[in-house]
Each structure stands twice: as structure tokens, then as C-alpha cells.
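Each remark here refers to the structure printed beneath this line.
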Amino acid sequence: MAQRDRKDIFRVMDEDILKAGKEDVRTRRFLLPKRILWMKGHVENSDTLLENREMQISLAAHRPCILKNEGQAQEKASILLDYGVEIHGGIRLLAWMDSTGRGAKVRIRFGESAAEAMSEPGGETNATNDHARRDMTVEVGMMSMNQIGESGFRFVRIDLEEPEAIIALKTVWAVLIYKDVPYRGSFACSDGLLNRIWDVGAYTVHLNMQEYIWDGIKRDRLVWVGDMHPEVTTIKAVFGEDSSVDDSLDFIRKETPLPGWMNGMASYSMWYSIITWDWYQYTGKKEFLEKQREYLKGLSEQLSAHIDEKGQDTVKEGRFLDWPSEGKLGIVDAGVQALHIWAAGSLEKIFTVLGEEALAGKCREDIERLKGFETDYEDSKQAAALSVMTGQKGAAEVNEALLKQGGAKGMSTFMGYYILTARAMAGDYQGCLDCIRDYWGGMLQLGATTFWEDFDVDWMENAARIDELPQAAAEAGQSAEGELARVDVHGTYGGFCYQGYRHSLCHGWASGATPWLSENVLGVRILESGCRKVKIEPHLGDLEWAKGTYPTPYGEISVSHVRQSDGTIATEVDAPKEVEICS
């Protein structure tokens, strides 16, 4: 269409400018703070920030929230806002007046926990600005509407930085930036805690579904392809087909020319192969596989070359399993060996679909060689689970000896889905439900509204909730008496790259309980590519009923299971006509 014929906002633009632009696939929603969690110094009318006021500044200041500093020796006027739930985005701060005439300096601190929003950079609690600025000083002038920040947060602290200054605020709205896609999948059962866990897992991944699939919305706003597998598994169960998966896989492939390893880690190139097959199995789109064909052929040869005469995986670069396993060489070796088997199996199926029979046969040979090498998963539930899933070890034996022992102890946020899956293969569905309640429910008990990069149930001992201010994390004299012994979970725990407040409290890889509940309690299993054949086999454990939906390329499958008085399960299924249901 010629420029003069355009009737929309772009009519005045040159065509080359318009063509070079890109549409944001995301949308915005504005949220009010739910409560004022803390204040100090001279703050007036703070409750007005909780009111639903217009997001337009005006000349007349009607009962503003006033922050006022009255000299060098006085405490800075400060306020801590709680928006009630973790979000991705920033704030829109409307200021009627400042007394400087040039814009008053205010310090803005975003926090995934209340304590993080109160923190200073560095030190033992390790607050950072990595990946996204969450601690900044900006100038706010009179009659201004200021868009500030883009990070992951629930809490925002505002400090008036200048002495002898006043600022009058109208509103401080949070700006939720998200991809507006429907929740086509659903889950409900007779246990409200499990329902909440399913919802929070779905929401955790949703926040990380931006233009691409991120690992975390505060830190790790990157396409970590290995970490994507639990997220993609959740996307299949909740949202169905989404362009962020294809775009992320294309992005990481283009970013990693062979012989490089994705994200610098051989195990993540293995995960890429696994995700590629799983996504095809879900969508049924052969053209998606065709785009990956040449790359996967080269990657398969590269992986095959890293198997020695004993059948052992010999890759040196990036032998990563998960953080709790890091540095434990025998466990990592066992886990990566299993990942290599899984990846070779995925490649074998891909090449079969693509008609690359010679390559498919080579993958089958690699699997046999890899399985012929004995590994020792030691006390690692993660490596043991992968060994079960890849057929190296027997599910019942490993579950009895290790996986069920200690319940939620030894769990992993990244590997949680695989540990649960291996236990389910042993028929231990009740043990899985108990573990989900204790592990993912433990994060909820500490105030989480999204699931975390790492978590250990031992952290719960004497822990403060993340929506509280334990004395160890608040400024001296500001905590309630008797709070000193409470542990600031966010600032105290974590290791490796996620020590203290650098720890992400919204990490998509921690969502594994959500798809597990859909696959095992609702009992939905994809048997043929494109969801053309699906098995429904529920496992209710101690639940009285469960119902929900599972998205397919043809529409949603609706299932309902109710325990009868004789202990049997009555099941009702409604599926699109293109989907064959078997039990």
C-alpha cells in the first residue's frame, strides 16, 4: 500500500522506516499497590497511593503523597510498596510537584522479596543490577509522568535522595509487561494446594514468555536452551503452540554455529535436540523439523564423535546437570551420560521422520554404545531420575532405594519434573503428590507467587516470609522486636551464580509440577505427533476428583475423573474429532 493510502498511525512514516520496525508482541496492564509495607522519615498521605486514581497528571494537586526531607541530619523520606504478586515490568510514577525546580532525585529499588527492595548493592547479601537495572536514581520533575525500570519484582522502595527537598506524588502504578495469550490448559482437583501450585507454575512460565523464552525475568533474561525444556513442557500443558518456542529455538541455533555448544555447554546442545523432538511431537509440523535438519545433522555427528570405545560420553565443555550437582563429577558424568542417550533417541526419531535413515541408524548404534557404559548416580535424585527415564536403570528399584527417600529432600527446581516422572514410572503417584505439596508448597508457604531458581526444604526452618522484613535485611531499628532470629531466605541462601539477592525468584525451569499434574493426575499423554492420538490414564492418589483441559493443535481436550465409592475412577473425556483418545 502506498504511503498516501495508509489510514493508520504509520501514515506519515516512510515505508523503509516502517518496514525496518518491529511490533511488540507483548501488552501492558497497570496495577495498583496492595499495601504500604514500610515507611520512614517525613511521609504524608501514603494511603493515597493505594487509591485508583487517573494515570494522567494535572495542574491541581489533590491530596498528594508527600515525601519531604528537612535537613542533612534527618532521615530520608522513604516508602516501600507491595504490589501483591511478582510481575515483569516497571513503574509509572506521576509527580505533581518537586521543590528543586529541576527535578528531584529519587532512588527506586525493585525487589522480588521485600528484603531485596531494602538492600544495598554487594556485600554478603549480594544485591546486583545484573541483566536488568533494579536499583537506580532518577530525576522526577513537576507535572511529570515517569516510566521507570523493567525487571522482575513485587516490591518497590522509593527514597527522596536530596536534602531540603519535597516531592508530591499522585500515583505509582506498576506496569505489567506480558504476552497476552489465553490459558488453554487448566487443572482443578479436590486439593486446593495442588490447584494453587499448578496455577503458580503456569504463571511463572507466562512471565518468562516474552518475545523469547527467558530463564528469569530479573536475572537471566536470556535464552538458556537447556533450561527451556521444563518451560516448553509447561507451555504445551497450559498455552499450547506459541511462537516464543520456535523463535527461541531459531535464535539459539543461529547464535551457535557448529562446532560450538549452545550456551557454551554440550549438555545444552543435547537439550536442544530433546526440545526439538518434543515440540514436533506436540505440534506435528514437519516444516519445523526441516528448518533444523542441517544443523541437527551436524550436531548429531558432533555428539557421536564424543563417545569413546567404552561407550562413555567424553565431552569436556559444559558438562552441566543442575546447580545442586555442580562440582560433583561422578554425578554430573552420570547425568550427562543419560542426557546424551535421551538426545540420541530424540535425534533418531527426528531423522526417521525426515527420511534420514542412515543417520537414524547411527543414532541407534550410539544409544546402544552409551547404554553399555555403567555410571554411578551416587546419592543424586537428578541423575538417578534421568537414568530411569532413559532406560539405564529400573524405575521401581531406583525409586525404592533413592527417589522416594526423604520425600522433598534432595529435590531440584530444574530437575523436579524429571524426578517426579521417574517416580511415576515406578507407580509412586502418591509419593509424588506428597512431594509436590512439600516442595513447591514450601515456596508458597514462604510467600512465593512465582517459583524460584533454587529451593531446599531445609531453608524453611525459622524462615521469614519473603513478603516480610526480617531484621537481618531491614535497616537497623526498623524491624519488629523479636525478629532478629528470623532468617531472610532470599538474602541468606543460594550458591554459585545465584547467591543472596541475585537469586531469581521467578525462574521458568521451576514450573515442572504443573505439566506433571496434567500428564499424570489428569493422565494426558501424547502418543502420536500433532496430538493425533492421546492416551488418558488418570492417577488420583489420595484425591477424590480431578478435572481440567489440555490444549492440542485442534482444540482442547476436556477430562474429568471422579473416585467412586468402590474405589474405581469414573472418567469423562471430550476431545476434538481429529484427536483419537485411548486408555
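By convention in this document, the chains of the C-alpha cells carry letters A, B, ... by their order, each chain's residues are numbered from 1, and ligands are numbered from 1 in the order they are shown.
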Taking the backbone alone, and naming residues the way the document does, which bits of stretch 36-165 of chain A are strand (DSSP E) by DSSP, as JSON, numbers by chain? {"A": [36, 37, 38, 39, 40, 42, 43, 44, 65, 66, 67, 68, 78, 79, 80, 81, 82, 83, 84, 85, 86, 87, 88, 89, 90, 91, 92, 93, 94, 95, 96, 97, 98, 104, 105, 106, 107, 108, 109, 110, 111, 135, 136, 137, 138, 139, 140, 144, 145, 146, 147, 148, 149, 150, 151, 152, 153, 154, 155, 156, 157, 158, 159, 160]}
Which residues are close to A:Arg53, i.e. within 12 Å by only C-alpha atoms, leaving aside same-chain residues fewer than 6 positions away? Reply as a list of chain:residue names.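 The contact residues come out as A:Phe30, A:Leu31, A:Leu32, A:Pro33, A:Asp47, A:His62, A:Arg63, A:Pro64, A:Leu94, A:Leu169, A:Lys170, A:Thr171, A:Val172, A:Trp173.
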Using only C-alpha atoms, which protein or nucleic acid residues come within 7 Å of stretch 277-291 of chain A? Drop anything in the same chain fewer than 3 positions from it, and give the result as a list in words.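 My reading of the contact set: Glu241, Ser273, Ile274, Ser346, Ile350, Glu528, Ser529, Gly530, Cys531 and Pro553 of chain A.
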Take the selection from the previous step and output its residues with N, CA and C atoms, as an mmCIF file, in the first residue's frame.
data_model
loop_
_atom_site.group_PDB
_atom_site.id
_atom_site.type_symbol
_atom_site.label_atom_id
_atom_site.label_comp_id
_atom_site.auth_asym_id
_atom_site.auth_seq_id
_atom_site.Cartn_x
_atom_site.Cartn_y
_atom_site.Cartn_z
ATOM 1 N N GLU A 241 0.503 -24.268 21.412
ATOM 2 C CA GLU A 241 1.539 -23.784 20.485
ATOM 3 C C GLU A 241 1.726 -22.281 20.627
ATOM 4 N N SER A 273 18.270 -30.804 21.179
ATOM 5 C CA SER A 273 17.771 -31.930 20.388
ATOM 6 C C SER A 273 16.499 -32.501 21.001
ATOM 7 N N ILE A 274 16.488 -32.606 22.334
ATOM 8 C CA ILE A 274 15.328 -33.155 23.042
ATOM 9 C C ILE A 274 14.103 -32.260 22.863
ATOM 10 N N SER A 346 16.130 -38.793 20.710
ATOM 11 C CA SER A 346 15.337 -37.752 20.041
ATOM 12 C C SER A 346 15.804 -37.554 18.609
ATOM 13 N N ILE A 350 13.783 -37.952 15.031
ATOM 14 C CA ILE A 350 13.731 -36.829 14.085
ATOM 15 C C ILE A 350 14.198 -37.271 12.705
ATOM 16 N N GLU A 528 0.979 -39.730 19.392
ATOM 17 C CA GLU A 528 1.346 -39.503 18.003
ATOM 18 C C GLU A 528 1.546 -38.018 17.771
ATOM 19 N N SER A 529 2.444 -37.698 16.832
ATOM 20 C CA SER A 529 2.776 -36.297 16.569
ATOM 21 C C SER A 529 1.535 -35.497 16.212
ATOM 22 N N GLY A 530 1.559 -34.239 16.650
ATOM 23 C CA GLY A 530 0.406 -33.373 16.433
ATOM 24 C C GLY A 530 -0.752 -33.670 17.347
ATOM 25 N N CYS A 531 -0.526 -34.477 18.371
ATOM 26 C CA CYS A 531 -1.581 -34.876 19.320
ATOM 27 C C CYS A 531 -2.713 -35.615 18.613
ATOM 28 N N PRO A 553 -3.290 -28.949 18.968
ATOM 29 C CA PRO A 553 -3.419 -28.107 17.766
ATOM 30 C C PRO A 553 -4.837 -28.034 17.204
#
Taking only stretch 356-549 of chain A into account, list the residues labelled alpha helix (DSSP H) by DSSP (computed from the backbone), as a ChimeraX atom specification. /A:357-371,381-389,395-398,416-425,429-445,489-492,513-516
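Computed from the coordinates, the atom CA of A:Lys34 to atom CA of A:Ala104 distance equals 25.7 Å.
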Would you list the contacts of A:Leu321 as a list in words, taking every protein, DNA or RNA residue within 9 Å and counting only C-alpha atoms, but skipping same-chain residues closer than 2 positions in sequence? Ser267, Arg319, Trp323, Pro324, Ser325, Glu326, Ile331, Val332, Asp333, Gly335, Val336, Leu339, Gln382, Ala383 and Met415 of chain A
Restricting the calculation to only C-alpha atoms: of A:Thr514, A:Arg465, A:Ala127, A:Arg221, which residue gets closest to A:Leu444?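 Using only C-alpha atoms, A:Leu444 sits closest to A:Arg465.
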Using only C-alpha atoms, the shortest atom-to-atom distance to A:Ala424 among A:Gly318, A:Gly491, A:Gly406, A:Gly541 belongs to A:Gly541
With a distance cut-off of 7 Å and only C-alpha atoms, select the neighbouring residues of stretch 117-125 of chain A, excluding the residue or stretch itself and same-chain residues fewer than 2 positions from it, and output the selection as a list in words. Arg109, Phe110, Gly111, Ser113, Ala114, Ala115, Ala127, Thr128, Phe155, Val156, Arg157, Ala473, Ala474, Gly491, Thr492, Gly500 and Tyr501 of chain A
Close residues, A:His131 itself excluded, 8 Å, only C-alpha atoms, min 2 positions apart in chain, as a list in words: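 What passes the distance filter is Asn129, Arg133, Lys218, Arg219, Asp220 and Arg221 of chain A.
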Those residues you just picked out, can you put them in a file as an mmCIF file, in the first residue's frame with C-alpha atoms?
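Resulting contents of out-v1.cif:
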data_model
loop_
_atom_site.group_PDB
_atom_site.id
_atom_site.type_symbol
_atom_site.label_atom_id
_atom_site.label_comp_id
_atom_site.auth_asym_id
_atom_site.auth_seq_id
_atom_site.Cartn_x
_atom_site.Cartn_y
_atom_site.Cartn_z
ATOM 1 C CA ASN A 129 21.810 -4.872 38.835
ATOM 2 C CA ARG A 133 18.532 -2.382 36.421
ATOM 3 C CA LYS A 218 15.019 -10.295 36.880
ATOM 4 C CA ARG A 219 18.293 -12.089 36.215
ATOM 5 C CA ASP A 220 18.907 -14.500 33.334
ATOM 6 C CA ARG A 221 16.780 -12.634 30.812
#
Check which residues of stretch 153-271 of chain A sit at most 12 Å from stretch 312-315 of chain A using only C-alpha atoms, and return one row each with the closest pair of atoms and their distance in Å to one decimal, ordered by chain and rising number, as a Markdown table.
| residue | atom | partner | partner_atom | distance |
| --- | --- | --- | --- | --- |
| A:Trp261 | CA | A:Val315 | CA | 10.3 |
| A:Gly264 | CA | A:Val315 | CA | 11.9 |
| A:Met265 | CA | A:Val315 | CA | 9.4 |
| A:Ala266 | CA | A:Val315 | CA | 6.8 |
| A:Ser267 | CA | A:Val315 | CA | 8.8 |
| A:Tyr268 | CA | A:Val315 | CA | 11.9 |
| A:Ser269 | CA | A:Val315 | CA | 11.4 |
| A:Met270 | CA | A:Val315 | CA | 11.2 |
Smallest atom-to-atom distance to A:Ala546: which of A:Leu299, A:Leu194, A:Val106, A:Lys349, using only C-alpha atoms? A:Leu194
